[in-house]
Amino acid sequence: MKSTAEYLETPEQAAEQALALLRQAGGLTAAAVWGRIGMAWQRLACLGAADTLPEADALGNGRLPGPDGGALALRAADKTLGWLVWRGQAPAWTAGVASLLAGHLHCAMLRAEQAAARAANETMLEISLLAGESATPERMLPRLHRLMSRLMDASNFYIALYDEDSATLRFPFYLDTRDPAPPDADSVFPLNGANASLAAWLIRGGKPMVLSAERILEVCRQQGLAHPAQLPAFWMGAPMVNVGGALIGAVVLQLYEDQTPFTSAEQLLFMFAARHVGFALDRVLYRGQLERQVWLRTSELEGANARLRAEVSSRKRAEKFQDVLFRIAELSNTSLSLEAFLSGLHRLLNEMVAARNCLVALYDTVNDRISFPYCSDEYSPPLQPRKPGKGFIEQVLHSGRPLLVDPSSALPGQMGGDGGVNPKSWLGVPLYCGHELLGVLAVQSYESDVTYNFRDQEVLEFVANNIGAALARVRALEGLQQAYAELEQRVRERTGELDAVNAQLEFDSLHDPLTKLPNRTYFAKALRRAWDEYTDGGDRFAVVFIDLDRFKLVNDTLGHLAGDHLLFEAGARIRSCLRHYDFLARLGGDEFAVLMFGMDSVDECEVIARRIVSEFERPVILAGREVFSTSSVGVVLADREHYHKADDLLRDADHAMYCTKQQGRQGYTLFSHQLRIDQADQLALESELRRALEEEGQLVPYYQPFIEAKTGKLVGFETLVRWLHPQRGLISPGIFLPMAEESGLITRLDRYMINAACAQLQAWRSQGQVGEEIALHINLSSANFHDPDLVRWIGERIAHYQLPPAMLHLEITESALIDQPETAATVMQALHGLGVKLALDDFGTGYSALSYLHRYRFDVLKIDQSFVFDLDHKEESAAIVRAILALARALDLDVVAEGVETASQLAMLQEMGCGKLQGFYFAAPAPEWGIDWARLARFEQEIRCAA
């Protein structure tokens, strides 16, 4: 049986064969086979009267309505494909027959689905091919309908196309067997409104729709749509989109009462087919639109091509015209004679105008005559100068306007001496030079077919402008020749003057205007030239850097005029110490530099350096008074081993001079390898000082006490900075304080020390070590007077540490008052406003100490230790100290004597009445943990006992 079932082609044949087998078994007299077609059941074969479809129970088993008989479900792939029902007693192997029958039904179902899918794919392919085979939608749509009919019942089928710009629909294909009045293919219908159709509603929604008759009536009522002329029982539509997803229309199928409704598979197939129909129709529509655009574009291009050809032709004529005009303009700028210029102009004019016969007439207003510098006429000989008459030329001269004469206006004799031959056409334009009328340019024709027009007149006017320019050039040339002769003479005179000025400018650019010595620029050039010659094997040389000491004091005291006189005298003295081939320059301010050539050893340099230093030991007479200004000199000898460029020599000479100033001025220093090492070490030390200011523990305040002379009581401390370097050990203030002054770190260092000292004083007060009568002296450098925030910051420190302002004494040196006198006065007044005390340090060693006491307000004078040191064995020192104490008592100032080291000095100062004493006799400077408070207390007892 299995092999037999494999060769059966249809479900009906398999059902009949199965019933025949059961009947041969002799067990059944009535049986039937049912198969499922879509959602309905169909009887495939019948034996006897058992033809009733069984009822299925909850488990899917079948039973007959009556008591006699049975039913088996034909299942495959979890689907019920049919039923085998019978009446009577069934054979034992009925279940096997049912199983084979179910397999065949499943195979038949798969073959049917495969055939339907193949037919659908072929149809979709042919729909896609229609887009390439059909030129217009009208030719494509009937064929499209026939293809849709293969898939389903398409007897009522139409397509609506949507125009987005006008929001309308049209129906290029409409087939309905029941519609009495189908829409015309060219008619358009609104997409919106009361008369809109179901297709319009579908396009507005943009989604496929399947409607029954009741649903159609409901939608028309709710949406306000027009009812179809013949109400269908079943309506199915799908929107069509192009490849970009935009709506282009809709596809609709309708069924009436006598037609079989579409199955769900047919509905899905319709939606799928509608998508292909949309793509195919879009291609045809796009191709038609593209063809129309191509046609329109082709028409536009043909018109543009015609216009372009005309424009090209016009441009060629214009280019030729412009070329001739350009050559005319070039010709007018040449230096040709007037006759040659007019002849060349005639040839060029003949390329644009029929100007075989041309003449130029000039009018002489002084002699009242018309001359003809150029005349080319085929019927007339060269014209001679004549008086004005009544011809065409005279009319142009009289009116100053162009004159165009047609053939009917040409009269004999008007040309004047033209041999009696009348021209057929005559054109003349005036010749102007600026606003002056010079003459006439005229052309004439003797041929009837050659006449002139306004275009020729424009050309002739342009040429006339160039002739007028040429005539002006001839006139100007005569004037230029005369002007050239005068100009040459003036140029010769001015050239001589300019050479002298240039020489003076060159001298001024390379020399100092005051001393007339070479300046820094000139010196740099000479230095580079000397270095280049030396590196090429030339002679060795030396660089000397000279700076005048105390020049600023002379300038500030005696004025800039005296300072200029001092600079001039200094230049002369330095020049007198040099050889005639040495090069001396003033670099600026009070700095001079010398190139000494032919120097082979340091000894030769020292001779000249000593000579320069000794030359300044003599006084200079300025403003009727003797002034001494010494010099600090630095010398460096050229060396190929240690130097690679010339500027380094000047740098090291400057450094050597600075070392001289550090050693006390008035001398010289020879730059050596050790100085170079010291210079590098100084840079490293400066960098390390910057780090020390940012860290804690390196910069340590040392304190040296003040003792009251009468009682021996502790009355104050002076704060001194010491640098405990982690690698170098204790560094002397004489080493790092000048470096801090030069690098600008001194202000940060002062603030660091003021803050640390205030903190320490507050700690002593809280510990009960000192009272409010103790004074804390701190040095304040001159650089702080440039800081506008100094007074505010000190006030904040006093408030932060809760100190009485009078306990803080700021010591100011004389240099601060010399450098910034006005600023110092302002800052000192503000500090007094805070309640801070001010002390003048190193009193008696400066130049204007008394004037400072008169001008500035101080609270304390500190006698310099140099006077205290010689107090007990030099009467002069004792006299100076007595004078200072008397001055202080007169001005009501406290006095502190520095440098007390012996008992005899103590006794003398007590006898003189000095108020406070400071020195190693009492205690050396020490950090706060090294102060011997007990020893300081014993001094008070000892002095009381001695008293």
# chains A, B, ... in the order shown; residues from 1 in each chain; ligands from 1
$ select_by_dssp --residues "region 317-381 of chain A" --states "strand (DSSP E or B)" --output "list of chain:residue names"
A:Asn357, A:Cys358, A:Leu359, A:Val360, A:Ala361, A:Leu362, A:Tyr363, A:Asp364, A:Arg369, A:Ile370, A:Ser371, A:Phe372, A:Pro373, A:Tyr374, A:Cys375, A:Ser376
$ write_last_selection --atoms "C-alpha atoms" --output "tab-separated table (two decimals), in the first residue's frame"
chain	number	residue	atom	x	y	z
A	357	ASN	CA	40.06	107.74	-47.14
A	358	CYS	CA	41.04	109.39	-43.86
A	359	LEU	CA	42.33	112.82	-42.83
A	360	VAL	CA	43.30	114.70	-39.66
A	361	ALA	CA	42.72	118.48	-39.56
A	362	LEU	CA	44.19	120.69	-36.81
A	363	TYR	CA	43.00	124.22	-36.09
A	364	ASP	CA	45.50	126.91	-35.07
A	369	ARG	CA	44.29	128.36	-39.99
A	370	ILE	CA	43.47	124.68	-40.56
A	371	SER	CA	46.42	122.36	-41.23
A	372	PHE	CA	46.36	118.71	-42.34
A	373	PRO	CA	49.18	116.70	-40.69
A	374	TYR	CA	47.73	113.52	-42.23
A	375	CYS	CA	45.62	113.01	-45.36
A	376	SER	CA	45.08	109.77	-47.29
$ select_by_dssp --residues "region 193-310 of chain A" --states "alpha helix (DSSP H)" --output "number ranges by chain"
A: 198-205, 213-223, 264-310
$ write_last_selection --atoms "C-alpha atoms" --output "short mmCIF file (atom, residue, chain, number, x, y, z; two decimals), in the first residue's frame"
data_model
loop_
_atom_site.label_atom_id
_atom_site.label_comp_id
_atom_site.auth_asym_id
_atom_site.auth_seq_id
_atom_site.Cartn_x
_atom_site.Cartn_y
_atom_site.Cartn_z
CA LEU A 198 -12.19 54.63 -0.50
CA ALA A 199 -8.91 54.71 -2.46
CA ALA A 200 -8.28 58.29 -1.25
CA TRP A 201 -8.99 57.22 2.33
CA LEU A 202 -6.56 54.31 1.91
CA ILE A 203 -3.78 56.62 0.64
CA ARG A 204 -4.34 59.05 3.49
CA GLY A 205 -4.00 56.20 5.99
CA ALA A 213 -19.70 45.37 3.04
CA GLU A 214 -20.77 46.35 6.56
CA ARG A 215 -17.35 47.79 7.29
CA ILE A 216 -17.42 49.75 4.00
CA LEU A 217 -20.69 51.43 4.97
CA GLU A 218 -19.36 52.20 8.45
CA VAL A 219 -16.12 53.75 7.10
CA CYS A 220 -17.98 55.86 4.51
CA ARG A 221 -20.31 57.16 7.24
CA GLN A 222 -17.51 57.94 9.71
CA GLN A 223 -15.09 59.47 7.20
CA SER A 264 -5.91 34.74 4.14
CA ALA A 265 -3.12 33.42 1.90
CA GLU A 266 -4.58 35.31 -1.07
CA GLN A 267 -4.82 38.47 1.04
CA LEU A 268 -1.14 38.23 2.01
CA LEU A 269 -0.22 37.48 -1.60
CA PHE A 270 -2.15 40.55 -2.71
CA MET A 271 -0.27 42.79 -0.27
CA PHE A 272 3.03 41.36 -1.47
CA ALA A 273 2.06 41.79 -5.11
CA ALA A 274 0.95 45.40 -4.46
CA ARG A 275 4.48 46.25 -3.33
CA HIS A 276 5.96 44.88 -6.59
CA VAL A 277 3.28 46.64 -8.62
CA GLY A 278 4.21 49.94 -6.91
CA PHE A 279 7.92 49.51 -7.66
CA ALA A 280 7.28 48.55 -11.30
CA LEU A 281 4.81 51.38 -11.85
CA ASP A 282 7.19 53.86 -10.20
CA ARG A 283 9.92 52.83 -12.65
CA VAL A 284 7.62 53.40 -15.63
CA LEU A 285 6.40 56.73 -14.25
CA TYR A 286 9.93 57.81 -13.42
CA ARG A 287 11.13 56.81 -16.88
CA GLY A 288 8.31 58.78 -18.50
CA GLN A 289 9.04 61.77 -16.27
CA LEU A 290 12.74 61.43 -17.04
CA GLU A 291 12.05 61.25 -20.77
CA ARG A 292 9.96 64.42 -20.54
CA GLN A 293 12.70 66.14 -18.57
CA VAL A 294 15.31 64.98 -21.09
CA TRP A 295 13.15 66.30 -23.91
CA LEU A 296 12.68 69.65 -22.14
CA ARG A 297 16.36 69.82 -21.28
CA THR A 298 17.30 68.97 -24.86
CA SER A 299 15.07 71.74 -26.11
CA GLU A 300 16.61 74.15 -23.62
CA LEU A 301 20.12 73.08 -24.61
CA GLU A 302 19.34 73.51 -28.29
CA GLY A 303 18.10 77.03 -27.59
CA ALA A 304 21.10 77.75 -25.37
CA ASN A 305 23.41 76.34 -28.03
CA ALA A 306 21.92 78.64 -30.62
CA ARG A 307 22.29 81.61 -28.29
CA LEU A 308 25.82 80.52 -27.43
CA ARG A 309 26.79 80.31 -31.11
CA ALA A 310 25.42 83.78 -31.59
#
$ closest_atom_pairs --of "region 666-764 of chain A" --to "region 632-637 of chain A" --cutoff "12 Å" --atoms "only C-alpha atoms" --output "CSV"
residue,atom,partner,partner_atom,distance
A:Gln666,CA,A:Ser632,CA,5.1
A:Gly667,CA,A:Ser632,CA,5.3
A:Tyr668,CA,A:Val633,CA,4.3
A:Thr669,CA,A:Gly634,CA,5.0
A:Leu670,CA,A:Val635,CA,4.8
A:Phe671,CA,A:Val636,CA,5.1
A:Ser672,CA,A:Val636,CA,7.7
A:His673,CA,A:Val636,CA,10.5
A:Leu675,CA,A:Val636,CA,10.8
A:Arg676,CA,A:Val636,CA,11.1
$ write_last_selection --atoms "C-alpha atoms" --output "tab-separated table (two decimals), in the first residue's frame"
chain	number	residue	atom	x	y	z
A	666	GLN	CA	87.29	100.89	41.58
A	667	GLY	CA	89.27	98.04	40.16
A	668	TYR	CA	89.35	95.42	37.45
A	669	THR	CA	88.66	91.70	37.18
A	670	LEU	CA	90.08	89.31	34.60
A	671	PHE	CA	87.50	86.72	33.62
A	672	SER	CA	88.84	83.22	34.19
A	673	HIS	CA	87.66	79.66	34.11
A	675	LEU	CA	84.68	82.81	37.35
A	676	ARG	CA	82.83	80.81	34.74
$ closest_atom_pairs --of "region 141-165 of chain A" --to "region 234-244 of chain A" --cutoff "12 Å" --atoms "only C-alpha atoms" --output "JSON lines"
{"residue": "A:Asp153", "atom": "CA", "partner": "A:Met236", "partner_atom": "CA", "distance": 11.9}
{"residue": "A:Ala154", "atom": "CA", "partner": "A:Met236", "partner_atom": "CA", "distance": 11.1}
{"residue": "A:Asn156", "atom": "CA", "partner": "A:Trp235", "partner_atom": "CA", "distance": 9.8}
{"residue": "A:Phe157", "atom": "CA", "partner": "A:Gly237", "partner_atom": "CA", "distance": 9.8}
{"residue": "A:Tyr158", "atom": "CA", "partner": "A:Gly237", "partner_atom": "CA", "distance": 9.6}
{"residue": "A:Ile159", "atom": "CA", "partner": "A:Met240", "partner_atom": "CA", "distance": 9.5}
{"residue": "A:Ala160", "atom": "CA", "partner": "A:Met240", "partner_atom": "CA", "distance": 9.2}
{"residue": "A:Leu161", "atom": "CA", "partner": "A:Met240", "partner_atom": "CA", "distance": 8.8}
{"residue": "A:Tyr162", "atom": "CA", "partner": "A:Met240", "partner_atom": "CA", "distance": 9.4}
$ decode --residues "region 379-502 of chain A" --atoms "C-alpha atoms" --output "short mmCIF file (atom, residue, chain, number, x, y, z; two decimals), in the first residue's frame"
data_model
loop_
_atom_site.label_atom_id
_atom_site.label_comp_id
_atom_site.auth_asym_id
_atom_site.auth_seq_id
_atom_site.Cartn_x
_atom_site.Cartn_y
_atom_site.Cartn_z
CA TYR A 379 40.83 111.09 -55.31
CA SER A 380 42.38 114.09 -53.59
CA PRO A 381 46.03 115.20 -53.37
CA PRO A 382 47.51 116.15 -49.98
CA LEU A 383 45.69 119.17 -48.62
CA GLN A 384 47.46 122.42 -47.83
CA PRO A 385 46.83 124.64 -44.79
CA ARG A 386 44.01 127.07 -45.37
CA LYS A 387 41.66 129.48 -43.75
CA PRO A 388 38.40 128.06 -42.32
CA GLY A 389 35.51 127.91 -44.81
CA LYS A 390 32.01 126.39 -44.75
CA GLY A 391 32.72 122.68 -45.20
CA PHE A 392 32.01 119.70 -43.03
CA ILE A 393 35.28 120.16 -41.11
CA GLU A 394 34.31 123.70 -40.16
CA GLN A 395 30.88 122.47 -38.96
CA VAL A 396 32.54 119.99 -36.58
CA LEU A 397 34.94 122.66 -35.34
CA HIS A 398 32.11 125.11 -34.82
CA SER A 399 29.77 122.68 -32.98
CA GLY A 400 32.37 120.54 -31.21
CA ARG A 401 30.22 117.47 -31.96
CA PRO A 402 30.47 114.52 -34.38
CA LEU A 403 28.92 114.98 -37.84
CA LEU A 404 27.52 112.09 -39.92
CA VAL A 405 26.53 113.02 -43.49
CA ASP A 406 24.42 110.61 -45.58
CA PRO A 407 24.75 110.49 -49.42
CA SER A 408 21.93 112.97 -49.99
CA SER A 409 23.77 115.63 -47.94
CA ALA A 410 27.10 115.46 -49.83
CA LEU A 411 27.41 118.66 -51.96
CA PRO A 412 30.26 119.57 -54.30
CA GLY A 413 32.90 121.97 -53.00
CA GLN A 414 32.25 121.40 -49.32
CA MET A 415 35.47 119.45 -48.82
CA GLY A 416 37.61 122.27 -50.08
CA GLY A 417 40.11 121.43 -52.82
CA ASP A 418 38.88 117.86 -53.27
CA GLY A 419 39.09 117.82 -57.08
CA GLY A 420 35.32 118.04 -57.53
CA VAL A 421 34.66 114.40 -56.55
CA ASN A 422 31.84 114.18 -54.00
CA PRO A 423 31.94 111.52 -51.28
CA LYS A 424 28.91 109.26 -50.87
CA SER A 425 29.22 109.27 -47.09
CA TRP A 426 31.23 111.43 -44.68
CA LEU A 427 31.90 111.07 -40.95
CA GLY A 428 33.88 113.47 -38.78
CA VAL A 429 34.51 113.67 -35.01
CA PRO A 430 36.24 116.41 -32.96
CA LEU A 431 39.74 115.95 -31.53
CA TYR A 432 40.00 117.00 -27.89
CA CYS A 433 42.91 117.30 -25.50
CA GLY A 434 41.22 117.50 -22.14
CA HIS A 435 38.60 120.23 -22.72
CA GLU A 436 40.52 121.94 -25.54
CA LEU A 437 39.29 121.41 -29.14
CA LEU A 438 42.31 120.71 -31.37
CA GLY A 439 40.82 119.66 -34.71
CA VAL A 440 38.86 116.99 -36.60
CA LEU A 441 39.30 113.31 -37.54
CA ALA A 442 37.28 112.47 -40.70
CA VAL A 443 36.68 109.48 -42.99
CA GLN A 444 34.82 109.48 -46.29
CA SER A 445 33.59 106.93 -48.81
CA TYR A 446 33.17 107.29 -52.55
CA GLU A 447 31.29 103.99 -52.95
CA SER A 448 27.50 103.80 -52.85
CA ASP A 449 27.43 100.54 -50.93
CA VAL A 450 29.67 101.87 -48.11
CA THR A 451 27.91 104.20 -45.69
CA TYR A 452 28.73 105.09 -42.10
CA ASN A 453 26.52 104.63 -39.07
CA PHE A 454 26.51 105.42 -35.37
CA ARG A 455 28.62 102.36 -34.54
CA ASP A 456 31.34 103.68 -36.84
CA GLN A 457 30.97 107.03 -35.10
CA GLU A 458 31.68 105.42 -31.71
CA VAL A 459 34.80 103.72 -33.09
CA LEU A 460 36.00 106.96 -34.61
CA GLU A 461 35.43 108.83 -31.34
CA PHE A 462 37.59 106.30 -29.50
CA VAL A 463 40.36 106.70 -32.08
CA ALA A 464 40.00 110.48 -31.83
CA ASN A 465 40.61 110.27 -28.08
CA ASN A 466 43.89 108.46 -28.73
CA ILE A 467 44.90 111.05 -31.33
CA GLY A 468 44.13 113.80 -28.83
CA ALA A 469 46.28 111.97 -26.27
CA ALA A 470 49.09 111.67 -28.83
CA LEU A 471 48.90 115.38 -29.63
CA ALA A 472 49.02 116.12 -25.91
CA ARG A 473 52.01 113.81 -25.65
CA VAL A 474 53.82 115.72 -28.42
CA ARG A 475 53.16 118.98 -26.64
CA ALA A 476 54.19 117.50 -23.30
CA LEU A 477 57.34 116.04 -24.85
CA GLU A 478 58.58 119.46 -25.76
CA GLY A 479 57.92 120.66 -22.21
CA LEU A 480 59.52 117.52 -20.78
CA GLN A 481 62.73 118.04 -22.68
CA GLN A 482 63.06 121.44 -21.10
CA ALA A 483 62.04 120.06 -17.70
CA TYR A 484 64.52 117.20 -18.03
CA ALA A 485 67.38 119.60 -18.49
CA GLU A 486 66.35 121.55 -15.40
CA LEU A 487 65.72 118.32 -13.47
CA GLU A 488 69.14 116.90 -14.28
CA GLN A 489 70.76 119.97 -12.82
CA ARG A 490 68.63 119.78 -9.70
CA VAL A 491 69.33 116.03 -9.38
CA ARG A 492 73.06 116.65 -9.47
CA GLU A 493 72.70 119.24 -6.72
CA ARG A 494 70.38 117.10 -4.60
CA THR A 495 72.55 113.99 -5.06
CA GLY A 496 75.47 115.76 -3.50
CA GLU A 497 73.31 116.90 -0.60
CA LEU A 498 71.81 113.42 -0.22
CA ASP A 499 75.23 111.77 -0.13
CA ALA A 500 76.22 114.08 2.69
CA VAL A 501 72.97 113.38 4.57
CA ASN A 502 73.31 109.62 4.04
#
